[in-house]
Every structure is written in C-alpha cells, then in structure tokens.
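Novice: Supplied structure: work.tsv, TSV, C-alpha atoms.
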chain	number	residue	atom	x	y	z
G	318	MET	CA	-12.79	-28.40	36.10
G	319	ASN	CA	-10.59	-30.03	33.42
G	320	ARG	CA	-12.66	-28.28	30.78
G	321	GLU	CA	-12.03	-24.91	32.44
G	322	ILE	CA	-8.27	-25.59	32.64
G	323	ASN	CA	-8.18	-26.66	28.98
G	324	PHE	CA	-10.17	-23.57	27.99
G	325	PHE	CA	-7.80	-21.22	29.85
G	326	MET	CA	-4.72	-23.00	28.48
G	327	SER	CA	-5.99	-22.81	24.91
G	328	GLU	CA	-6.90	-19.13	25.46
G	329	GLU	CA	-3.33	-18.43	26.70
G	330	ILE	CA	-1.85	-20.27	23.71
G	331	MET	CA	-4.05	-18.20	21.38
G	332	ARG	CA	-2.84	-14.97	23.04
G	333	GLN	CA	0.79	-16.03	22.60
G	334	PHE	CA	0.15	-17.00	18.99
G	335	CYS	CA	-1.50	-13.62	18.26
G	336	ALA	CA	1.41	-11.79	19.90
G	337	ILE	CA	3.87	-13.71	17.72
G	338	LEU	CA	1.83	-12.88	14.60
G	339	ILE	CA	1.83	-9.18	15.50
G	340	VAL	CA	5.61	-9.17	16.02
G	341	VAL	CA	6.21	-10.97	12.70
G	342	GLY	CA	3.81	-8.63	10.87
G	343	CYS	CA	5.55	-5.55	12.29
G	344	ALA	CA	8.97	-6.93	11.34
G	345	LEU	CA	7.82	-7.59	7.77
G	346	ALA	CA	6.27	-4.13	7.50
G	347	PHE	CA	9.49	-2.55	8.80
G	348	ALA	CA	11.58	-4.54	6.29
G	349	ALA	CA	9.31	-3.49	3.41
G	350	ARG	CA	9.49	0.14	4.52
G	351	ALA	CA	13.30	-0.07	4.68
G	352	GLN	CA	13.36	-1.28	1.07
G	353	ASP	CA	11.11	1.60	-0.02
G	354	THR	CA	13.51	4.19	1.39
G	355	ASN	CA	16.42	3.38	-0.95
G	356	ALA	CA	15.88	6.65	-2.83
G	357	LEU	CA	15.90	8.55	0.46
G	358	LYS	CA	19.59	7.87	0.98
G	359	THR	CA	20.40	10.73	-1.40
G	360	GLU	CA	19.93	14.44	-0.76
G	361	ILE	CA	17.83	14.83	-3.89
G	362	GLY	CA	15.69	11.83	-2.85
G	363	ILE	CA	15.03	13.37	0.57
G	364	PHE	CA	14.29	16.75	-1.05
G	365	GLU	CA	11.81	15.19	-3.50
G	366	SER	CA	9.97	13.35	-0.69
G	367	GLN	CA	8.75	16.60	0.91
G	368	THR	CA	5.03	16.78	1.57
G	369	GLY	CA	2.80	19.83	1.67
G	370	VAL	CA	4.79	21.71	-0.98
G	371	VAL	CA	5.03	21.64	-4.76
G	372	VAL	CA	8.27	19.96	-5.90
G	373	ILE	CA	9.20	20.44	-9.55
G	374	LYS	CA	11.36	17.66	-11.03
G	375	GLY	CA	13.20	18.62	-14.20
G	376	PHE	CA	15.15	16.09	-16.26
G	377	ALA	CA	17.09	15.80	-19.50
G	378	GLN	CA	18.26	12.68	-21.32
G	379	ILE	CA	22.05	12.80	-21.86
G	380	GLY	CA	22.51	9.49	-23.65
G	381	SER	CA	22.70	5.72	-23.28
G	382	VAL	CA	25.09	2.79	-23.57
G	383	SER	CA	23.86	-0.47	-25.10
G	384	THR	CA	25.39	-3.76	-24.09
G	385	GLY	CA	24.42	-7.21	-25.29
G	386	SER	CA	22.00	-7.67	-22.42
G	387	ALA	CA	21.08	-4.19	-21.21
G	388	VAL	CA	20.71	-0.49	-21.91
G	389	VAL	CA	22.11	2.00	-19.38
G	390	SER	CA	20.87	5.59	-19.71
G	391	VAL	CA	22.09	8.76	-18.00
G	392	ARG	CA	19.77	11.69	-17.22
G	393	CYS	CA	20.34	15.05	-15.52
G	394	LYS	CA	18.02	15.94	-12.64
G	395	GLU	CA	17.03	19.31	-11.20
G	396	SER	CA	14.49	19.37	-8.38
G	397	ALA	CA	13.06	22.66	-7.09
G	398	SER	CA	10.67	23.75	-4.38
G	399	ALA	CA	8.00	26.15	-5.63
G	400	ALA	CA	7.71	27.59	-2.11
G	401	THR	CA	11.38	28.37	-1.42
G	402	SER	CA	13.07	28.26	-4.87
G	403	HIS	CA	15.65	25.87	-3.34
G	404	LYS	CA	17.11	23.49	-5.96
G	405	ASP	CA	18.94	20.16	-5.75
G	406	TYR	CA	20.83	18.57	-8.62
G	407	GLY	CA	21.96	15.10	-9.57
G	408	ILE	CA	21.79	12.40	-12.18
G	409	ALA	CA	19.66	9.32	-12.71
G	410	VAL	CA	21.23	6.15	-14.08
G	411	VAL	CA	18.49	3.99	-15.59
G	412	PHE	CA	18.99	0.26	-16.17
G	413	GLU	CA	16.90	-1.87	-18.49
G	414	ALA	CA	17.96	-5.51	-18.66
G	415	ASN	CA	15.49	-8.16	-19.87
G	416	GLU	CA	12.59	-8.00	-17.41
G	417	TRP	CA	14.51	-5.93	-14.84
G	418	ARG	CA	14.47	-2.13	-14.58
G	419	GLY	CA	16.29	0.00	-12.03
G	420	LEU	CA	16.84	3.69	-11.42
G	421	ALA	CA	19.80	4.87	-9.34
G	422	ILE	CA	19.96	8.49	-8.21
G	423	VAL	CA	23.37	10.11	-7.70
G	424	ASP	CA	23.66	13.47	-5.92
G	425	TYR	CA	25.61	16.25	-7.63
G	426	ASP	CA	28.21	16.25	-4.84
G	427	GLU	CA	29.00	12.58	-5.55
G	428	LEU	CA	29.77	13.09	-9.26
G	429	ASP	CA	33.46	14.02	-8.98
G	430	ALA	CA	34.17	11.01	-6.76
G	431	LEU	CA	32.13	8.78	-9.11
G	432	LEU	CA	34.11	9.93	-12.16
G	433	ASN	CA	37.42	9.52	-10.31
G	434	GLY	CA	36.34	6.05	-9.17
G	435	MET	CA	35.43	5.06	-12.74
G	436	ASP	CA	38.80	6.32	-13.98
G	437	TYR	CA	40.66	4.34	-11.32
G	438	LEU	CA	38.66	1.13	-11.83
G	439	GLY	CA	39.01	1.37	-15.61
G	440	LYS	CA	42.81	1.45	-15.33
G	441	MET	CA	43.27	-1.31	-12.73
G	442	THR	CA	45.97	-3.92	-13.15
G	443	TYR	CA	46.85	-7.08	-11.27
G	444	GLY	CA	49.45	-5.03	-9.39
G	445	VAL	CA	46.79	-3.85	-6.90
G	446	THR	CA	47.22	-7.05	-4.89
G	447	ALA	CA	49.80	-9.82	-4.51
G	448	LEU	CA	46.98	-12.37	-4.78
G	449	PRO	CA	45.88	-13.83	-8.13
G	450	GLY	CA	42.40	-12.31	-8.05
G	451	PHE	CA	40.62	-9.16	-6.91
G	452	GLU	CA	37.35	-7.29	-6.91
G	453	ALA	CA	37.25	-3.52	-6.42
G	454	ALA	CA	34.09	-1.44	-6.22
G	455	PHE	CA	32.89	2.14	-5.91
G	456	THR	CA	29.43	2.52	-4.36
G	457	THR	CA	27.20	5.61	-4.31
G	458	LYS	CA	24.77	6.50	-1.51
G	459	SER	CA	21.84	5.00	-3.42
G	460	GLY	CA	23.57	1.65	-4.03
G	461	LEU	CA	24.91	2.11	-7.57
G	462	GLN	CA	28.11	0.04	-7.84
G	463	LEU	CA	30.92	0.24	-10.37
G	464	ILE	CA	33.03	-2.91	-10.18
G	465	ALA	CA	36.35	-4.14	-11.55
G	466	PHE	CA	37.01	-7.88	-11.30
G	467	GLY	CA	40.20	-9.70	-12.18
G	468	ASN	CA	41.26	-13.32	-11.90
G	469	LYS	CA	44.58	-14.40	-13.43
G	470	GLN	CA	43.31	-17.96	-13.91
G	471	GLN	CA	40.36	-16.72	-15.99
G	472	GLY	CA	42.39	-13.98	-17.66
G	473	GLY	CA	41.54	-10.33	-18.18
G	474	ILE	CA	40.07	-7.65	-15.95
G	475	ARG	CA	36.36	-7.04	-16.43
G	476	THR	CA	34.18	-4.12	-15.42
G	477	PHE	CA	30.56	-4.23	-14.31
G	478	LEU	CA	27.74	-1.97	-13.25
G	479	GLN	CA	25.24	-3.07	-10.61
G	480	TYR	CA	22.38	-1.46	-8.73
G	481	ASN	CA	21.37	-2.94	-5.37
G	482	ASP	CA	20.34	-6.57	-5.92
G	483	GLY	CA	19.91	-6.23	-9.69
G	484	PRO	CA	21.99	-8.17	-12.20
G	485	ARG	CA	25.62	-7.31	-12.85
G	486	ILE	CA	25.85	-5.64	-16.22
G	487	PRO	CA	29.20	-6.29	-17.93
G	488	LEU	CA	30.74	-3.32	-19.74
G	489	ALA	CA	33.57	-3.61	-22.25
G	490	SER	CA	36.31	-0.97	-21.94
G	491	ASP	CA	34.81	1.20	-24.71
G	492	GLN	CA	31.36	1.00	-23.06
G	493	TRP	CA	32.93	1.89	-19.69
G	494	THR	CA	34.55	4.95	-21.30
G	495	GLN	CA	31.30	5.87	-23.04
G	496	LEU	CA	29.39	5.72	-19.72
G	497	ALA	CA	32.05	7.84	-17.99
G	498	ASN	CA	31.77	10.40	-20.82
G	499	LEU	CA	27.98	10.53	-20.44
G	500	ILE	CA	28.28	11.11	-16.70
G	501	GLY	CA	30.90	13.80	-17.41
G	502	GLN	CA	28.52	15.48	-19.90
G	503	ALA	CA	25.73	15.35	-17.32
G	504	LYS	CA	28.00	17.02	-14.75
G	505	THR	CA	28.93	19.75	-17.26
G	506	THR	CA	25.23	20.40	-17.92
G	507	LEU	CA	24.54	20.59	-14.18
G	508	ASP	CA	27.54	22.91	-13.67
G	509	SER	CA	25.95	25.31	-16.19
G	510	LEU	CA	22.58	25.15	-14.43
G	511	ARG	CA	24.14	25.76	-11.03
G	512	ALA	CA	26.10	28.76	-12.37
G	513	THR	CA	22.89	30.50	-13.52
G	514	ARG	CA	20.83	30.05	-10.34
Any chance you could give the structure as structure tokens?
Specialist:
Amino acid sequence: MNREINFFMSEEIMRQFCAILIVVGCALAFAARAQDTNALKTEIGIFESQTGVVVIKGFAQIGSVSTGSAVVSVRCKESASAATSHKDYGIAVVFEANEWRGLAIVDYDELDALLNGMDYLGKMTYGVTALPGFEAAFTTKSGLQLIAFGNKQQGGIRTFLQYNDGPRIPLASDQWTQLANLIGQAKTTLDSLRATR
C-alpha cells in the first residue's frame, strides 16, 4: 500500500515537474522570438519579411565615420516586391566595434525627425535643465539611439550612438556632424529614387 502511495506521489511530482519545464521552455522560446523580431519594428523590415513573393533588396554605400573604437557606415535601402512593384525605402546604419556588429534599419519616414534630433542633440547646452547633469536621447523604431550626455562635474557635453544593447560609441562633434551629413546624403539619394517611381 505504501509503495502504491509513493509511486502515485512520485508520478504526480513528475507531472508537475514536466509542466514546469514546458512553461519555462515556452517562455524562453517566446523571449528568443521577441529578440528576433527587432527588424520587424520598421515598415521596411515588415515588408522584407514577406513570404511567398520575391522581394528585391537594393542598397548603396553612402559613407562611413571612423572613431577610435568603431566604424559606423550609412547605406541607402530600397526594397521592392516583384509581384506588386511596391517599394519601401530607408537607410541601414551599420556598426562595427571590436567583436560586435550591429545593423539598425531606419524607415524613410523617420529620417527628417532623425536629422532634426541629431541637430538638436548636437547643439545642447547645460541650459536644458536646472540640474548639473543630463542625458537626452532620440530613439528610432528599430532601437537606434542618438544620445547627448552632460555632467558639469566631469565637464563637457558628449554625444554617443548606440543600438539596442550594443556598446555606446562616442562621437566627437566633427564625427557627429559627419554622420548627420551622411544621413542627409542618404535621404537626398532616396528622395531622387522616390521622385522617379
């Protein structure tokens, strides 16, 4: 009798343990899937993820900015459906820093706001707050962040670029301006493409 009770109890414990394992496995799979959909936050990312149709992805290198620890490149993107001739436009910002590489996609309709944000952040002063320090950031749909950081105790206002959980890449003011110019050139190129479609 005791053996039967012990057998049923251990069988119930095993069922509970298996149920817990299934729940944990599903949660981990969901978290991994959520990380894989970062590119799908943009219109061009959603467009490029279509199945059952031919999607043509055109690109052109605009230029790059080299810092002491990283290279940041800007590319134009044009994605088209062979079935419908619909086209989406945007840019790719590619990061290469030591062993880390990232690619942030920015939709065409975000470019004006991005350039305005870069202009604002590049001109920030300590007058934006009464407190001795600040951090201001502009974030795109895909997680590309442009950051201005100031602390009166440390002196100077610094600008950074960051993509999701990647490293913060410091940009001197001339590098910041160079990156803004590259993004502006990419937008001009895309404006020309959009005018001819």
Novice: Which of these residues is nearest to Val371 of chain G, using all atoms listed in the file: G:Ala489, G:Lys458, G:Ala397, G:Tyr425?
Specialist: G:Ala397
Novice: How many Å separate atom CA of Thr442 of chain G from atom CA of Leu488 of chain G?
Specialist: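 Going from atom CA of Thr442 of chain G over to atom CA of Leu488 of chain G, I get 16.6 Å.
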Novice: Excluding Asp405 of chain G and residues on its chain fewer than 2 positions from it, collect all residues at most 9 Å away from it, counting only C-alpha atoms, and give them as a VMD selection string.
Specialist: chain G and resid 360 to 361 364 to 365 394 to 397 403 407 424 to 425
Novice: Can you work out the spacing between atom CA of Ala421 of chain G and atom CA of Gly369 of chain G in Å, to one decimal?
Specialist: 25.2 Å
Novice: Point out the residue among G:Trp493, G:Leu448, G:Thr456, G:Pro487 with the least atom-to-atom distance to Asn468 of chain G, counting all atoms listed in the file.
Specialist: G:Leu448
Novice: Atom CA of Gln502 of chain G and atom CA of Ile379 of chain G are how many Å apart?
Specialist: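 Separation of atom CA of Gln502 of chain G and atom CA of Ile379 of chain G: 7.3 Å.
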Novice: Using all atoms listed in the file, which residue out of G:Leu496, G:Ala512, G:Gly483, G:Arg475 lies closest to Arg392 of chain G?
Specialist: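 With all atoms listed in the file as the atom set, the closest residue is G:Leu496.
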Novice: Taking into account all atoms listed in the file, which residue in the set G:Val372, G:Val410, G:Leu478, G:Ile500 is nearest to Leu438 of chain G?
Specialist: G:Leu478
Novice: Given only C-alpha atoms as the basis, pick out the residue of G:Lys358, G:Thr506, G:Gly385, G:Ser390 nearest to Gly419 of chain G.
Specialist: G:Ser390
